[in-house]
>>> print(open('protein.tsv').read())   # TSV, C-alpha atoms
chain	number	residue	atom	x	y	z
L	1296	MET	CA	1.05	-0.83	-25.45
L	1297	THR	CA	0.42	-4.39	-24.33
L	1298	VAL	CA	-0.27	-5.59	-20.79
L	1299	ALA	CA	-0.01	-9.08	-19.28
L	1300	VAL	CA	-1.78	-9.54	-15.93
L	1301	ASN	CA	-0.79	-12.23	-13.45
L	1302	ARG	CA	-2.70	-12.55	-10.17
L	1303	LEU	CA	-0.45	-14.28	-7.64
L	1304	ALA	CA	-1.59	-16.52	-4.79
L	1305	ASN	CA	-0.39	-14.04	-2.14
L	1306	GLY	CA	-2.84	-11.40	-3.35
L	1307	THR	CA	-0.32	-9.51	-5.46
L	1308	VAL	CA	-1.24	-8.35	-8.96
L	1309	GLU	CA	1.70	-8.46	-11.37
L	1310	LEU	CA	1.54	-6.36	-14.53
L	1311	THR	CA	4.05	-6.73	-17.34
L	1312	VAL	CA	3.76	-3.67	-19.54
L	1313	THR	CA	5.36	-3.35	-22.98
L	1314	VAL	CA	5.61	0.15	-24.47
L	1315	PRO	CA	6.31	0.36	-28.24
L	1316	TRP	CA	9.45	2.18	-29.38
L	1317	THR	CA	7.36	4.72	-31.32
L	1318	ASP	CA	5.89	5.96	-28.00
L	1319	ILE	CA	9.39	6.12	-26.52
L	1320	GLN	CA	10.57	8.20	-29.48
L	1321	THR	CA	7.70	10.65	-29.08
L	1322	THR	CA	8.48	11.18	-25.41
L	1323	TYR	CA	12.21	11.35	-26.14
L	1324	ASN	CA	11.65	14.18	-28.62
L	1325	GLN	CA	9.52	16.05	-26.10
L	1326	VAL	CA	12.23	15.74	-23.46
L	1327	VAL	CA	14.94	16.89	-25.86
L	1328	GLU	CA	12.82	19.89	-26.92
L	1329	LYS	CA	12.52	20.86	-23.27
L	1330	PHE	CA	16.31	20.74	-22.88
L	1331	VAL	CA	16.66	22.83	-26.05
L	1332	ALA	CA	14.28	25.46	-24.69
L	1333	GLU	CA	16.37	25.76	-21.53
L	1334	ALA	CA	19.82	25.48	-23.14
L	1335	GLU	CA	22.33	28.33	-23.13
L	1336	LEU	CA	25.13	27.84	-25.67
L	1337	PRO	CA	27.82	30.38	-26.58
L	1338	GLY	CA	26.64	32.62	-29.42
L	1339	PHE	CA	22.95	31.88	-28.90
L	1340	ARG	CA	20.27	33.34	-26.70
L	1341	LYS	CA	18.65	31.00	-24.20
L	1342	GLY	CA	16.45	28.50	-26.02
L	1343	LYS	CA	17.57	29.63	-29.48
L	1344	ALA	CA	20.42	27.18	-30.08
L	1345	PRO	CA	19.86	24.57	-32.83
L	1346	ARG	CA	18.54	21.26	-31.60
L	1347	GLU	CA	21.44	19.36	-33.16
L	1348	ALA	CA	23.95	21.46	-31.22
L	1349	VAL	CA	22.13	21.03	-27.93
L	1350	GLU	CA	21.46	17.32	-28.41
L	1351	ALA	CA	25.13	16.69	-29.19
L	1352	LYS	CA	26.05	17.97	-25.74
L	1353	LEU	CA	23.33	16.09	-23.86
L	1354	ASP	CA	24.08	13.03	-21.76
L	1355	LYS	CA	21.79	10.47	-23.41
L	1356	SER	CA	21.55	8.40	-20.26
L	1357	LYS	CA	20.09	11.38	-18.39
L	1358	VAL	CA	17.70	12.07	-21.26
L	1359	TYR	CA	16.44	8.49	-21.17
L	1360	GLU	CA	16.15	8.65	-17.37
L	1361	GLU	CA	13.75	11.55	-17.84
L	1362	VAL	CA	11.91	9.63	-20.56
L	1363	LEU	CA	11.53	6.71	-18.18
L	1364	LYS	CA	10.14	9.00	-15.47
L	1365	GLN	CA	7.47	10.16	-17.88
L	1366	ILE	CA	6.71	6.87	-19.64
L	1367	VAL	CA	6.30	4.53	-16.65
L	1368	PRO	CA	3.68	6.45	-14.61
L	1369	LYS	CA	1.50	7.11	-17.64
L	1370	ALA	CA	1.81	3.55	-18.99
L	1371	TYR	CA	1.03	2.11	-15.55
L	1372	THR	CA	-2.03	4.35	-15.11
L	1373	ASP	CA	-3.31	3.37	-18.57
L	1374	ALA	CA	-2.63	-0.32	-17.87
L	1375	VAL	CA	-4.62	-0.53	-14.62
L	1376	LYS	CA	-7.45	1.45	-16.23
L	1377	ASN	CA	-7.60	-0.75	-19.32
L	1378	GLU	CA	-7.43	-3.95	-17.25
L	1379	ASN	CA	-10.05	-2.73	-14.72
L	1380	ILE	CA	-7.65	-3.04	-11.81
L	1381	ALA	CA	-8.19	-0.92	-8.69
L	1382	PRO	CA	-4.83	-0.68	-6.86
L	1383	ILE	CA	-4.83	0.30	-3.20
L	1384	ILE	CA	-1.07	0.89	-2.91
L	1385	SER	CA	1.64	2.51	-5.01
L	1386	PRO	CA	3.25	0.01	-7.39
L	1387	ARG	CA	6.71	-1.44	-7.15
L	1388	ILE	CA	8.34	-0.95	-10.52
L	1389	GLU	CA	11.07	-3.06	-12.10
L	1390	VAL	CA	12.41	-2.05	-15.51
L	1391	ILE	CA	13.00	-5.17	-17.57
L	1392	ALA	CA	14.11	-3.69	-20.89
L	1393	ALA	CA	14.90	-0.11	-21.96
L	1394	GLU	CA	17.13	-0.31	-25.01
L	1395	GLU	CA	17.30	2.21	-27.82
L	1396	ASN	CA	15.30	1.34	-30.96
L	1397	LYS	CA	13.48	-1.45	-29.12
L	1398	ASP	CA	10.21	-1.71	-27.23
L	1399	TRP	CA	10.53	-0.96	-23.52
L	1400	GLN	CA	9.14	-3.25	-20.85
L	1401	PHE	CA	8.62	-2.97	-17.13
L	1402	LYS	CA	6.96	-4.98	-14.38
L	1403	ALA	CA	4.63	-3.42	-11.81
L	1404	LEU	CA	3.57	-5.14	-8.58
L	1405	THR	CA	0.49	-3.89	-6.77
L	1406	CYS	CA	-2.61	-5.24	-5.05
L	1407	GLU	CA	-6.34	-4.65	-4.86
L	1408	LYS	CA	-8.73	-4.55	-1.92
L	1409	PRO	CA	-8.92	-8.15	-0.64
L	1410	GLU	CA	-12.19	-10.05	-0.52
L	1411	VAL	CA	-13.63	-10.57	2.96
L	1412	LYS	CA	-15.81	-13.55	3.85
L	1413	LEU	CA	-17.70	-12.81	7.03
L	1414	GLY	CA	-18.69	-15.70	9.26
L	1415	ASP	CA	-21.38	-15.86	11.92
L	1416	TYR	CA	-19.70	-13.26	14.08
L	1417	GLN	CA	-23.02	-12.11	15.59
L	1418	THR	CA	-23.63	-15.49	17.21
L	1419	GLU	CA	-20.09	-15.78	18.51
L	1420	ILE	CA	-20.18	-12.27	19.97
L	1421	SER	CA	-23.54	-12.96	21.61
L	1422	LYS	CA	-21.97	-15.93	23.37
L	1423	LEU	CA	-19.58	-13.53	25.07
L	1424	LYS	CA	-22.60	-11.84	26.64
L	1425	VAL	CA	-24.15	-15.04	28.10
L	1426	GLN	CA	-24.46	-14.56	31.82
L	1427	PRO	CA	-22.89	-17.22	34.01
L	1428	LYS	CA	-25.19	-19.29	36.20
L	1429	ILE	CA	-24.12	-18.06	39.61
L	1430	TRP	CA	-26.54	-18.76	42.47
L	1431	THR	CA	-26.72	-16.34	45.37
L	1432	PRO	CA	-28.96	-16.74	48.43
L	1433	ALA	CA	-30.36	-13.24	48.11
L	1434	ASN	CA	-31.00	-13.28	44.41
L	1435	SER	CA	-31.04	-16.08	41.92
L	1436	GLN	CA	-30.11	-13.59	39.18
L	1437	PRO	CA	-26.50	-12.44	38.84
L	1438	THR	CA	-25.78	-8.94	40.04
L	1439	ASN	CA	-24.21	-6.25	37.85
L	1440	GLU	CA	-20.88	-7.03	39.46
L	1441	GLN	CA	-21.26	-10.67	38.49
L	1442	LYS	CA	-22.15	-9.99	34.86
L	1443	PRO	CA	-19.21	-10.59	32.54
L	1444	LYS	CA	-17.75	-7.56	30.79
L	1445	VAL	CA	-17.25	-7.97	27.08
L	1446	GLU	CA	-13.98	-6.30	26.18
L	1447	LEU	CA	-13.29	-4.80	22.75
L	1448	GLU	CA	-10.28	-7.09	22.44
L	1449	GLN	CA	-12.55	-10.13	22.77
L	1450	ILE	CA	-14.87	-8.87	20.05
L	1451	LEU	CA	-12.00	-8.15	17.67
L	1452	LYS	CA	-10.63	-11.64	18.28
L	1453	VAL	CA	-14.02	-13.11	17.38
L	1454	LEU	CA	-14.10	-11.10	14.17
L	1455	LEU	CA	-10.66	-12.39	13.21
L	1456	ASN	CA	-11.55	-15.99	14.03
L	1457	THR	CA	-14.88	-16.02	12.18
L	1458	SER	CA	-13.82	-14.14	9.04
L	1459	GLU	CA	-11.63	-15.02	6.08
L	1460	VAL	CA	-9.47	-12.39	4.40
L	1461	LEU	CA	-6.19	-12.76	2.51
L	1462	ILE	CA	-3.93	-9.78	3.14
L	1463	PRO	CA	-1.53	-9.27	0.21
L	1464	ASP	CA	2.14	-9.52	1.15
L	1465	LEU	CA	2.87	-6.14	-0.44
L	1466	LEU	CA	0.26	-4.47	1.74
L	1467	THR	CA	1.63	-6.14	4.87
L	1468	GLU	CA	5.18	-5.06	4.00
L	1469	ASP	CA	4.13	-1.46	3.38
L	1470	GLU	CA	2.26	-1.26	6.69
L	1471	ALA	CA	5.12	-2.90	8.61
L	1472	ASN	CA	7.57	-0.43	7.04
L	1473	ARG	CA	5.37	2.49	8.13
L	1474	MET	CA	5.31	1.11	11.66
L	1475	LEU	CA	9.10	0.76	11.65
L	1476	SER	CA	9.49	4.31	10.34
L	1477	ARG	CA	7.34	5.60	13.21
L	1478	LEU	CA	9.50	3.65	15.66
L	1479	ILE	CA	12.66	5.16	14.21
L	1480	ASP	CA	11.20	8.67	14.53
L	1481	GLN	CA	10.17	8.01	18.14
L	1482	THR	CA	13.56	6.59	19.15
L	1483	GLN	CA	15.36	9.52	17.53
L	1484	LYS	CA	13.22	11.97	19.49
L	1485	LEU	CA	14.30	10.14	22.64
L	1486	GLY	CA	17.94	10.43	21.58
L	1487	LEU	CA	18.26	6.71	20.95
L	1488	THR	CA	19.34	4.68	17.96
L	1489	VAL	CA	17.27	1.72	16.82
L	1490	GLU	CA	20.12	-0.54	17.91
L	1491	GLN	CA	19.98	0.90	21.43
L	1492	TYR	CA	16.22	0.45	21.53
L	1493	LEU	CA	16.48	-3.18	20.40
L	1494	LEU	CA	19.15	-3.85	23.01
L	1495	SER	CA	17.00	-2.35	25.75
L	1496	GLN	CA	14.05	-4.53	24.69
L	1497	GLY	CA	16.10	-7.68	24.22
L	1498	LYS	CA	15.05	-7.95	20.57
L	1499	THR	CA	16.78	-8.39	17.23
L	1500	SER	CA	16.05	-6.42	14.07
L	1501	GLU	CA	14.79	-9.61	12.40
L	1502	GLY	CA	12.55	-10.41	15.36
L	1503	LEU	CA	11.16	-6.87	15.47
L	1504	ARG	CA	10.40	-6.89	11.74
L	1505	ALA	CA	8.62	-10.26	12.07
L	1506	GLU	CA	6.65	-8.92	15.04
L	1507	TYR	CA	5.60	-5.83	13.12
L	1508	ALA	CA	4.68	-7.88	10.06
L	1509	ASN	CA	2.32	-10.04	12.15
L	1510	LEU	CA	0.83	-6.98	13.84
L	1511	ALA	CA	0.43	-5.21	10.50
L	1512	LYS	CA	-1.36	-8.21	8.97
L	1513	GLU	CA	-3.75	-8.43	11.93
L	1514	ASN	CA	-4.48	-4.69	11.91
L	1515	LEU	CA	-5.13	-4.70	8.18
L	1516	ALA	CA	-7.37	-7.76	8.44
L	1517	LEU	CA	-9.45	-6.06	11.14
L	1518	GLU	CA	-9.71	-2.90	9.06
L	1519	PHE	CA	-11.07	-4.77	6.05
L	1520	ILE	CA	-13.37	-6.92	8.20
L	1521	LEU	CA	-14.85	-3.87	9.93
L	1522	ASN	CA	-15.35	-2.17	6.57
L	1523	ALA	CA	-17.11	-5.29	5.26
L	1524	ILE	CA	-19.39	-5.36	8.31
L	1525	ALA	CA	-20.16	-1.67	7.86
L	1526	ASP	CA	-21.11	-2.31	4.23
L	1527	GLN	CA	-23.18	-5.37	5.12
L	1528	GLU	CA	-25.03	-3.60	7.93
L	1529	ASN	CA	-25.22	-0.34	5.97
L	1530	ILE	CA	-23.49	1.52	8.78
L	1531	GLN	CA	-22.63	5.11	7.92
L	1532	ALA	CA	-21.23	7.88	10.04
L	1533	ASP	CA	-22.94	11.24	9.70
L	1534	ASP	CA	-21.06	14.54	9.55
L	1535	ALA	CA	-21.60	15.23	13.24
L	1536	GLU	CA	-20.03	11.89	14.22
L	1537	ILE	CA	-17.07	12.43	11.90
L	1538	GLU	CA	-16.39	15.86	13.42
L	1539	LYS	CA	-16.15	14.27	16.87
L	1540	ILE	CA	-13.32	11.99	15.78
>>> encode(input="protein.tsv", output="structure tokens")
Amino acid sequence: MTVAVNRLANGTVELTVTVPWTDIQTTYNQVVEKFVAEAELPGFRKGKAPREAVEAKLDKSKVYEEVLKQIVPKAYTDAVKNENIAPIISPRIEVIAAEENKDWQFKALTCEKPEVKLGDYQTEISKLKVQPKIWTPANSQPTNEQKPKVELEQILKVLLNTSEVLIPDLLTEDEANRMLSRLIDQTQKLGLTVEQYLLSQGKTSEGLRAEYANLAKENLALEFILNAIADQENIQADDAEIEKI
């Protein structure tokens, strides 16, 4: 098996995997033997018919479909292991070549955990806590009511603005699709179609997908940023804290 790795600018890792025909033959024989063991032909007990007789009645396209189902997952797993790739999503597979008596080839698209570059978020967050200079006759210091409240949304915005992280397109698409699936489930429970929901919100399907894609990218960025901060600050939740979640 040979593997060509191509790391794309959008964070996607593209693997082109070539599986030699000898490996295909081995798997093909295993699949055929399984069909033989389950075959029931007139004049023979189950699993006792000659292979030639069973194979002659098999639909080769279905046999090779089963071979493909067995070959691709194993070859992909071996490829990412041999190339020291750590995927964080399931791959998107495209079969390029699967002809008899020739090497098979497929392409797998996946992505790894993106690198996060943290900026000086501590300083920027501390600026949110600077008390305004408000003079009062009774007290030159601001009261509790006058002290600004630092909202979580402000802190998260600072983290996004001070950090650099490239979210792979595949990851964004997967997250946006999950969000859309949840929306579909929710609208169905309300007895609505997605079209009715969009009409009630004055949105189009394209606009909603773009909105979810942007939201997904931001949520994913925050997740990776917070994980990077936790690693940098050596923040760990103990069992008691986890149980409270």
>>> residues_around(input="protein.tsv", residues="Pro1382 of chain L", least_positions_apart="5", cutoff="9 Å", atoms="all atoms listed in the file", output="PyMOL selection string")
chain L and resi 1308+1375+1405-1408
>>> axis_aligned_box(input="protein.tsv", around="segment 1299-1313 of chain L", padding_each_side="6 Å", output="JSON")
{"center_x": 1.3, "center_y": -9.9, "center_z": -12.6, "size_x": 20.2, "size_y": 25.2, "size_z": 32.8}
>>> closest_residue(input="protein.tsv", among="L:Gln1365, L:Asn1377, L:Asn1396, L:Asn1514", to="Pro1315 of chain L", atoms="all atoms listed in the file")
L:Asn1396
>>> closest_residue(input="protein.tsv", among="L:Asn1324, L:Thr1317, L:Asn1301, L:Thr1467", to="Trp1399 of chain L", atoms="all atoms listed in the file")
L:Thr1317
>>> atom_distance(input="protein.tsv", atom1="atom CA of Ile1479 of chain L", atom2="atom CA of Ile1462 of chain L")
24.9 Å
>>> atom_distance(input="protein.tsv", atom1="atom CA of Gly1414 of chain L", atom2="atom CA of Gln1527 of chain L")
12.0 Å
>>> closest_residue(input="protein.tsv", among="L:Gly1338, L:Pro1345, L:Pro1368, L:Pro1386", to="Leu1404 of chain L", atoms="all atoms listed in the file")
L:Pro1386
>>> atom_distance(input="protein.tsv", atom1="atom CA of Glu1328 of chain L", atom2="atom CA of Ala1344 of chain L")
11.0 Å
>>> closest_residue(input="protein.tsv", among="L:Glu1490, L:Asp1526, L:Glu1506, L:Glu1419", to="Glu1468 of chain L", atoms="all atoms listed in the file")
L:Glu1506
>>> residues_around(input="protein.tsv", residues="Glu1389 of chain L", least_positions_apart="4", cutoff="9 Å", atoms="all atoms listed in the file", output="JSON, numbers by chain")
{"L": [1400, 1401, 1402, 1403, 1404]}
>>> write_last_selection(input="protein.tsv", atoms="C-alpha atoms", output="compact mmCIF listing (two decimals), in the coordinates of the input")
# COMPACT_ATOMS: atom_id res chain seq x y z
CA GLN L 1400 9.14 -3.25 -20.85
CA PHE L 1401 8.62 -2.97 -17.13
CA LYS L 1402 6.96 -4.98 -14.38
CA ALA L 1403 4.63 -3.42 -11.81
CA LEU L 1404 3.57 -5.14 -8.58
>>> residues_around(input="protein.tsv", residues="Leu1517 of chain L", least_positions_apart="6", cutoff="10 Å", atoms="all atoms listed in the file", output="ChimeraX atom specification")
/L:1451-1452,1454-1455,1458,1460,1511,1523
>>> residues_around(input="protein.tsv", residues="Glu1470 of chain L", least_positions_apart="6", cutoff="12 Å", atoms="all atoms listed in the file", output="number ranges by chain")
L: 1384, 1462-1464, 1476-1477, 1504, 1507-1516
>>> closest_residue(input="protein.tsv", among="L:Val1358, L:Val1411, L:Val1298, L:Val1327", to="Asn1379 of chain L", atoms="only C-alpha atoms")
L:Val1298
>>> closest_residue(input="protein.tsv", among="L:Ala1351, L:Ile1383, L:Leu1493, L:Leu1336", to="Leu1466 of chain L", atoms="all atoms listed in the file")
L:Ile1383
